[in-house]
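Worksheet for the structure shown next.
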Number of protein chains: 4
Amino acid sequence: MLKELKEQVFKANLELVKYNLVIFTWGNVSARDGDYIVIKPSGVEYDKMKADDMVVLDLDGNKIDGKYNPSSDTLTHLELYKAFPNIKGITHTHSNYATSFAQAGCEIVALGTTHADYFYGAIPITRHLDEIEVVENYEKNTGKVIIEAFKGIDYMAIPGVLVRSHGVFAWGKSAGDSIHNAVVIEELAKMNYQSIQLNPDIKNFPKYILDKHYSRKHGKNAYYGQKHI
Amino acid sequence: MLKELKEQVFKANLELVKYNLVIFTWGNVSARDGDYIVIKPSGVEYDKMKADDMVVLDLDGNKIDGKYNPSSDTLTHLELYKAFPNIKGITHTHSNYATSFAQAGCEIVALGTTHADYFYGAIPITRHLDEIEVVENYEKNTGKVIIEAFKGIDYMAIPGVLVRSHGVFAWGKSAGDSIHNAVVIEELAKMNYQSIQLNPDIKNFPKYILDKHYSRKHGKNAYYGQKHI
Amino acid sequence: MLKELKEQVFKANLELVKYNLVIFTWGNVSARDGDYIVIKPSGVEYDKMKADDMVVLDLDGNKIDGKYNPSSDTLTHLELYKAFPNIKGITHTHSNYATSFAQAGCEIVALGTTHADYFYGAIPITRHLDEIEVVENYEKNTGKVIIEAFKGIDYMAIPGVLVRSHGVFAWGKSAGDSIHNAVVIEELAKMNYQSIQLNPDIKNFPKYILDKHYSRKHGKNAYYGQKHI
Amino acid sequence: MLKELKEQVFKANLELVKYNLVIFTWGNVSARDGDYIVIKPSGVEYDKMKADDMVVLDLDGNKIDGKYNPSSDTLTHLELYKAFPNIKGITHTHSNYATSFAQAGCEIVALGTTHADYFYGAIPITRHLDEIEVVENYEKNTGKVIIEAFKGIDYMAIPGVLVRSHGVFAWGKSAGDSIHNAVVIEELAKMNYQSIQLNPDIKNFPKYILDKHYSRKHGKNAYYGQKHI
């Protein structure tokens, strides 16, 4: 079942490697179709994985199809799909620069137009889970603290987050779109890192330029790219 | 029309990828021939783009030939071609280190002979556009603040600029030459970054060595390379 | 003799290059089978090396098979195999970021879940050998100071170490496993370096998250990956 | 003439690109055979260059063979060959990290065994040429300040130097050996940079370990590698 979506999720997982977002099996991509999600199996090496190895689950986490265990981060993905109904793909990575921000406890503030082309404001960082949350259900509660970090934030205008001391979750309108956003987060993290080293006082850039750049690519007055007739 | 120039501009845009100056569609190259310019279409993926997809415009920005919308940065290119009549190619990138300087609000000062081989002094950084300039015509006014930053500077001796909180515009005698200068800016930015981290007090190097290196490669007494008889 | 193990060790040495852990001949991998070890020959270029060039030694360092001299670091490997009986493979590198920590005299503290997935606590750094230890038997005593650094530490839960002012030794259940751990150490070192630059006050992350992540992948309650029936 | 040496010098110049030591034409390699040197032509692109394009000069700089102008840095090479008679190959690069040290005005101190395997002490940095030296004969006097920096230093035990605000000259027993040393300098520069960022107080490591490592690979008691019978 969901043969085409399995193929998309499989290809998206391989793109994690192509874009240097993961080494070994440190990452996973999923996609949603209605009441089902398709996700990478846990701990299977990328160069041995096949499209048919992808695992199908319902939104309660019951395995519907597939011979492997799903990614150990599956419950986090499911929380996000349920709380953020417009997202259709999720990517999780430990990409190097972004994870350094997560470890340092720093959000990625908007310092330039590259950021504004994709994220309408800072990429937030979650709080730490407390000990009870970890013991009770670590992966599910990782989803919960992400959702908590988006109180008052439009999750489609900020399609990604840093999980403190952990890594990145990025999302979008498809598996491929979520990878695209994960690549952007890593590139922004590297530029932010260097900007802060050059000028520790830099904290933001003019809001009206952020608005302009975001609205060039997003919303009803966007004029970047081609009209698809 | 302008078949050969389209081919040049197309190839130059692919070189952006080869030299790691862009990811996805974050960059654009144009070239000028008399009263026309050829420029990359907006938001078309590099691996799908063809030479024939390049867009031809007159200097007032009227589309003369091409089925796609031109790059969203076209009006910036046009301002530069009109104000700097000797330039025949322009490259725009968000290359990683140079953009970090743009975000930090720092010009790239000349710290060594690598810099002096190409740029006769610091690579300047523009001021921020004010809110009225952004609302009125963002791309055109981006061109205007670049031109303003070159008051008193020879644009052929400093063939590139940082746009504050944005990225790089580099130019030259052809599309290929502008890419070459964009590559150099990124390499200089990385070396400057590291030099400043090693020695925060370093601000320049002797003017007479800058003069010597620049004049080895440029001007009537240049002796680098081969005489083309 | 030990034809298959020679093949494994040979391939593992080539992986050092593939994972950018060494340039030239700066590294070596060995594996143990009972009372014998197989190790890379000293100073032979990777692109000329063959599986049959691997050297077989007994645990006292007597050459049993092979036409070449073994790696100059052989006595360090032997000390480790004798003191840590459960390890079956060892990798030595001067990988760039990890060696920077070794040169700076800094251990690699646990700052996140990437670290906790592999190492149950800080990756320790040895003391300097004193002058007598260097003169008497440098390589053997390098093994001794590593063993000293693991007093009170489970060497299977922390499968690697920084040798001060020198580089990395990583180990595991096979040659390939030791390389895997060496790759992880380099990646952790890079992320730690960046985290510390971003936030010099960061020293650790909650112990209960470290415990959780380590136990997801290790020990009897591990649930990462697939059950191998 | 010198067909084989031309081939070696040609290949060595291509290795500059392979090892990421140069972009475009920013670097050059030469080799010496008796009273002649072979050197790269000036400003010829690496992907168009042929072995037969190499230029032959005598030690006074007279062109003996070749249709092109020699590298603009030829006079620096010649000064070094005359003052350091045991060197048979020289590489000049603007490699990124090492040039950052040159720009920052910092020598590369010995912080670990990777350094000690190749360089018996700090890699020195020259003083700036004064204005008269630049005007009189810039390239020749660049050679002179290198030689001045080696007063009291064995040029075979420290086979390379940083030219202040400029870049690297490395040398050795052949063109290939000089490239090897240039690669090592870049790797050491990167590790030194990171070590200093991690621990600004680090200045050296024990002299008796430096001695031990250098003598493992160099001199009559060397025991690294294979005896060549």
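Quick note on naming: the chains in the structure tokens go A, B, ... in the order shown, residues restart at 1 in each chain, and ligands are numbered from 1 in order of appearance.
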
Contact residues around D:Val44 with only C-alpha atoms at 10 Å, ignoring same-chain residues under 6 positions, as a PyMOL selection string | (chain B and resi 225-226) or (chain D and resi 24-25+50+53+68-71)

For chain C against chain D, with a cut-off of 9 Å and counting only C-alpha atoms, what is the closest atom pair and its distance in Å to one decimal for every residue that makes the cut, ordered by chain and number, as a tab-separated table?
```
residue	atom	partner	partner_atom	distance
C:Ile23	CA	D:Val184	CA	8.9
C:Phe24	CA	D:His180	CA	8.7
C:Trp26	CA	D:Thr114	CA	8.4
C:Pro41	CA	D:Gly225	CA	7.8
C:Ser42	CA	D:Gly225	CA	4.5
C:Gly43	CA	D:Gly225	CA	4.2
C:Val44	CA	D:Gly225	CA	6.9
C:Tyr68	CA	D:Gln226	CA	6.8
C:Asn69	CA	D:Gln226	CA	6.2
C:Pro70	CA	D:Gly225	CA	8.5
C:Ser71	CA	D:Gly225	CA	7.6
C:Ser72	CA	D:Tyr224	CA	5.8
C:His94	CA	D:Thr114	CA	7.2
C:Asn96	CA	D:Met191	CA	6.0
C:Tyr97	CA	D:Met191	CA	6.9
C:Thr99	CA	D:Met191	CA	7.1
C:Ser100	CA	D:Ser195	CA	4.7
C:Phe101	CA	D:Ser195	CA	6.3
C:Ala102	CA	D:Ser195	CA	8.2
C:Gln103	CA	D:Leu111	CA	5.8
C:Ala104	CA	D:Ser195	CA	4.8
C:Gly105	CA	D:Asn199	CA	7.8
C:Cys106	CA	D:Leu198	CA	7.9
C:His128	CA	D:Pro206	CA	8.2
C:Leu129	CA	D:Ile209	CA	8.2
C:Asp130	CA	D:Tyr208	CA	8.5
C:Glu131	CA	D:Tyr208	CA	6.2
C:Val134	CA	D:Ile209	CA	7.0
C:Val135	CA	D:Lys212	CA	7.9
C:Tyr138	CA	D:Lys212	CA	8.1
C:Arg164	CA	D:Gly112	CA	8.1
C:Ser165	CA	D:Gly112	CA	4.3
C:His166	CA	D:Thr113	CA	5.1
C:Gly167	CA	D:Thr113	CA	8.1
C:Tyr193	CA	D:Leu198	CA	7.1
C:Ile196	CA	D:Leu198	CA	8.0
C:Gln197	CA	D:Gln197	CA	8.0
```

Residue selection dump (C-alpha atoms) as an mmCIF file, in the first residue's frame:
```
data_model
loop_
_atom_site.group_PDB
_atom_site.id
_atom_site.type_symbol
_atom_site.label_atom_id
_atom_site.label_comp_id
_atom_site.auth_asym_id
_atom_site.auth_seq_id
_atom_site.Cartn_x
_atom_site.Cartn_y
_atom_site.Cartn_z
ATOM 1 C CA ILE C 23 45.432 12.115 4.940
ATOM 2 C CA PHE C 24 48.479 10.295 3.614
ATOM 3 C CA TRP C 26 48.263 9.195 9.246
ATOM 4 C CA PRO C 41 52.021 -2.028 7.829
ATOM 5 C CA SER C 42 53.921 1.151 8.719
ATOM 6 C CA GLY C 43 54.037 4.039 6.225
ATOM 7 C CA VAL C 44 52.630 2.164 3.211
ATOM 8 C CA TYR C 68 56.352 -5.523 6.190
ATOM 9 C CA ASN C 69 57.068 -3.815 9.494
ATOM 10 C CA PRO C 70 53.850 -3.314 11.439
ATOM 11 C CA SER C 71 52.514 0.167 12.237
ATOM 12 C CA SER C 72 54.845 2.132 14.492
ATOM 13 C CA HIS C 94 44.773 12.323 13.778
ATOM 14 C CA ASN C 96 41.156 17.177 12.510
ATOM 15 C CA TYR C 97 38.683 18.369 15.141
ATOM 16 C CA THR C 99 43.074 16.201 17.443
ATOM 17 C CA SER C 100 42.435 19.908 18.052
ATOM 18 C CA PHE C 101 40.812 18.943 21.370
ATOM 19 C CA ALA C 102 43.795 16.679 22.138
ATOM 20 C CA GLN C 103 46.165 19.570 21.392
ATOM 21 C CA ALA C 104 44.107 22.020 23.459
ATOM 22 C CA GLY C 105 44.138 19.625 26.413
ATOM 23 C CA CYS C 106 40.334 19.382 26.515
ATOM 24 C CA HIS C 128 51.168 13.705 29.080
ATOM 25 C CA LEU C 129 53.723 10.947 29.263
ATOM 26 C CA ASP C 130 56.694 12.078 31.338
ATOM 27 C CA GLU C 131 60.175 12.128 29.866
ATOM 28 C CA VAL C 134 58.841 8.537 26.488
ATOM 29 C CA VAL C 135 62.448 7.419 26.467
ATOM 30 C CA TYR C 138 56.960 5.599 24.021
ATOM 31 C CA ARG C 164 47.043 14.507 24.826
ATOM 32 C CA SER C 165 48.834 16.537 22.121
ATOM 33 C CA HIS C 166 48.501 13.536 19.825
ATOM 34 C CA GLY C 167 45.208 12.190 18.477
ATOM 35 C CA TYR C 193 33.829 22.975 19.238
ATOM 36 C CA ILE C 196 31.487 26.000 23.020
ATOM 37 C CA GLN C 197 32.178 28.929 20.670
#
```

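The residue that comes closest to D:Glu79, out of D:Arg32, D:Lys144, D:His218, D:Lys48 and on the basis of only C-alpha atoms, is D:Lys144.
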
Tell me, which residues of stretch 91-166 of chain B carry DSSP strand (DSSP E), written as an MDAnalysis selection string?
-> chainID B and resid 91:93 160:163

Those residues with N, CA and C atoms, as a short mmCIF file (atom, residue, chain, number, x, y, z; two decimals), in the first residue's frame please?
```
data_model
loop_
_atom_site.label_atom_id
_atom_site.label_comp_id
_atom_site.auth_asym_id
_atom_site.auth_seq_id
_atom_site.Cartn_x
_atom_site.Cartn_y
_atom_site.Cartn_z
N THR B 91 27.15 38.73 -10.99
CA THR B 91 26.79 37.52 -10.25
C THR B 91 26.25 37.91 -8.88
N HIS B 92 25.12 37.33 -8.52
CA HIS B 92 24.57 37.52 -7.17
C HIS B 92 24.55 36.18 -6.45
N THR B 93 25.12 36.13 -5.25
CA THR B 93 25.10 34.89 -4.45
C THR B 93 24.80 35.21 -2.99
N GLY B 160 33.09 44.17 -6.64
CA GLY B 160 32.11 43.44 -5.86
C GLY B 160 31.76 44.18 -4.59
N VAL B 161 30.67 43.75 -3.95
CA VAL B 161 30.14 44.47 -2.79
C VAL B 161 29.35 43.50 -1.93
N LEU B 162 29.25 43.82 -0.64
CA LEU B 162 28.32 43.12 0.24
C LEU B 162 27.09 43.98 0.43
N VAL B 163 25.92 43.41 0.20
CA VAL B 163 24.68 44.11 0.53
C VAL B 163 24.31 43.71 1.96
#
```

Close residues, A:Leu5 itself excluded, 8 Å, only C-alpha atoms, min 4 positions apart in chain, as a CSV table (one decimal) with N, CA, C and O atoms, in the first residue's frame:
```csv
chain,number,residue,atom,x,y,z
A,9,VAL,N,9.3,8.8,0.3
A,9,VAL,CA,10.0,8.8,1.6
A,9,VAL,C,11.4,8.2,1.5
A,9,VAL,O,12.3,8.7,2.1
A,31,ALA,N,6.4,10.9,5.7
A,31,ALA,CA,5.4,11.7,5.0
A,31,ALA,C,4.0,11.2,5.4
A,31,ALA,O,3.8,10.1,5.9
A,33,ASP,N,-0.2,10.8,4.5
A,33,ASP,CA,-1.3,10.7,3.5
A,33,ASP,C,-2.5,10.4,4.2
A,33,ASP,O,-2.7,9.3,4.6
A,38,VAL,N,4.1,7.3,6.4
A,38,VAL,CA,5.2,6.4,6.0
A,38,VAL,C,6.5,6.9,6.5
A,38,VAL,O,6.7,8.1,6.5
```

Could you find all residues in stretch 89-215 of chain D that DSSP calls alpha helix (DSSP H) from the backbone, and write them as a count of residues only?
-> 65

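With atom CA of A:Ser178 on one side and atom CA of A:Ser95 on the other, the separation reads 13.8 Å.
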
Interatomic distance between atom CA of C:Ile158 and atom CA of C:Phe119?
->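 Between atom CA of C:Ile158 and atom CA of C:Phe119 the gap works out to 4.9 Å.
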
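Of the residues under consideration (C:Ala51, C:Val29, C:Met156, C:Ile146), C:Val29 shows the shortest atom-to-atom contact distance to C:Thr74 when counting only C-alpha atoms.
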
Using only C-alpha atoms, which of the listed residues (B:Tyr36, B:Tyr120, B:Tyr81, B:Phe150) sits closest to B:Leu2?
-> B:Tyr36
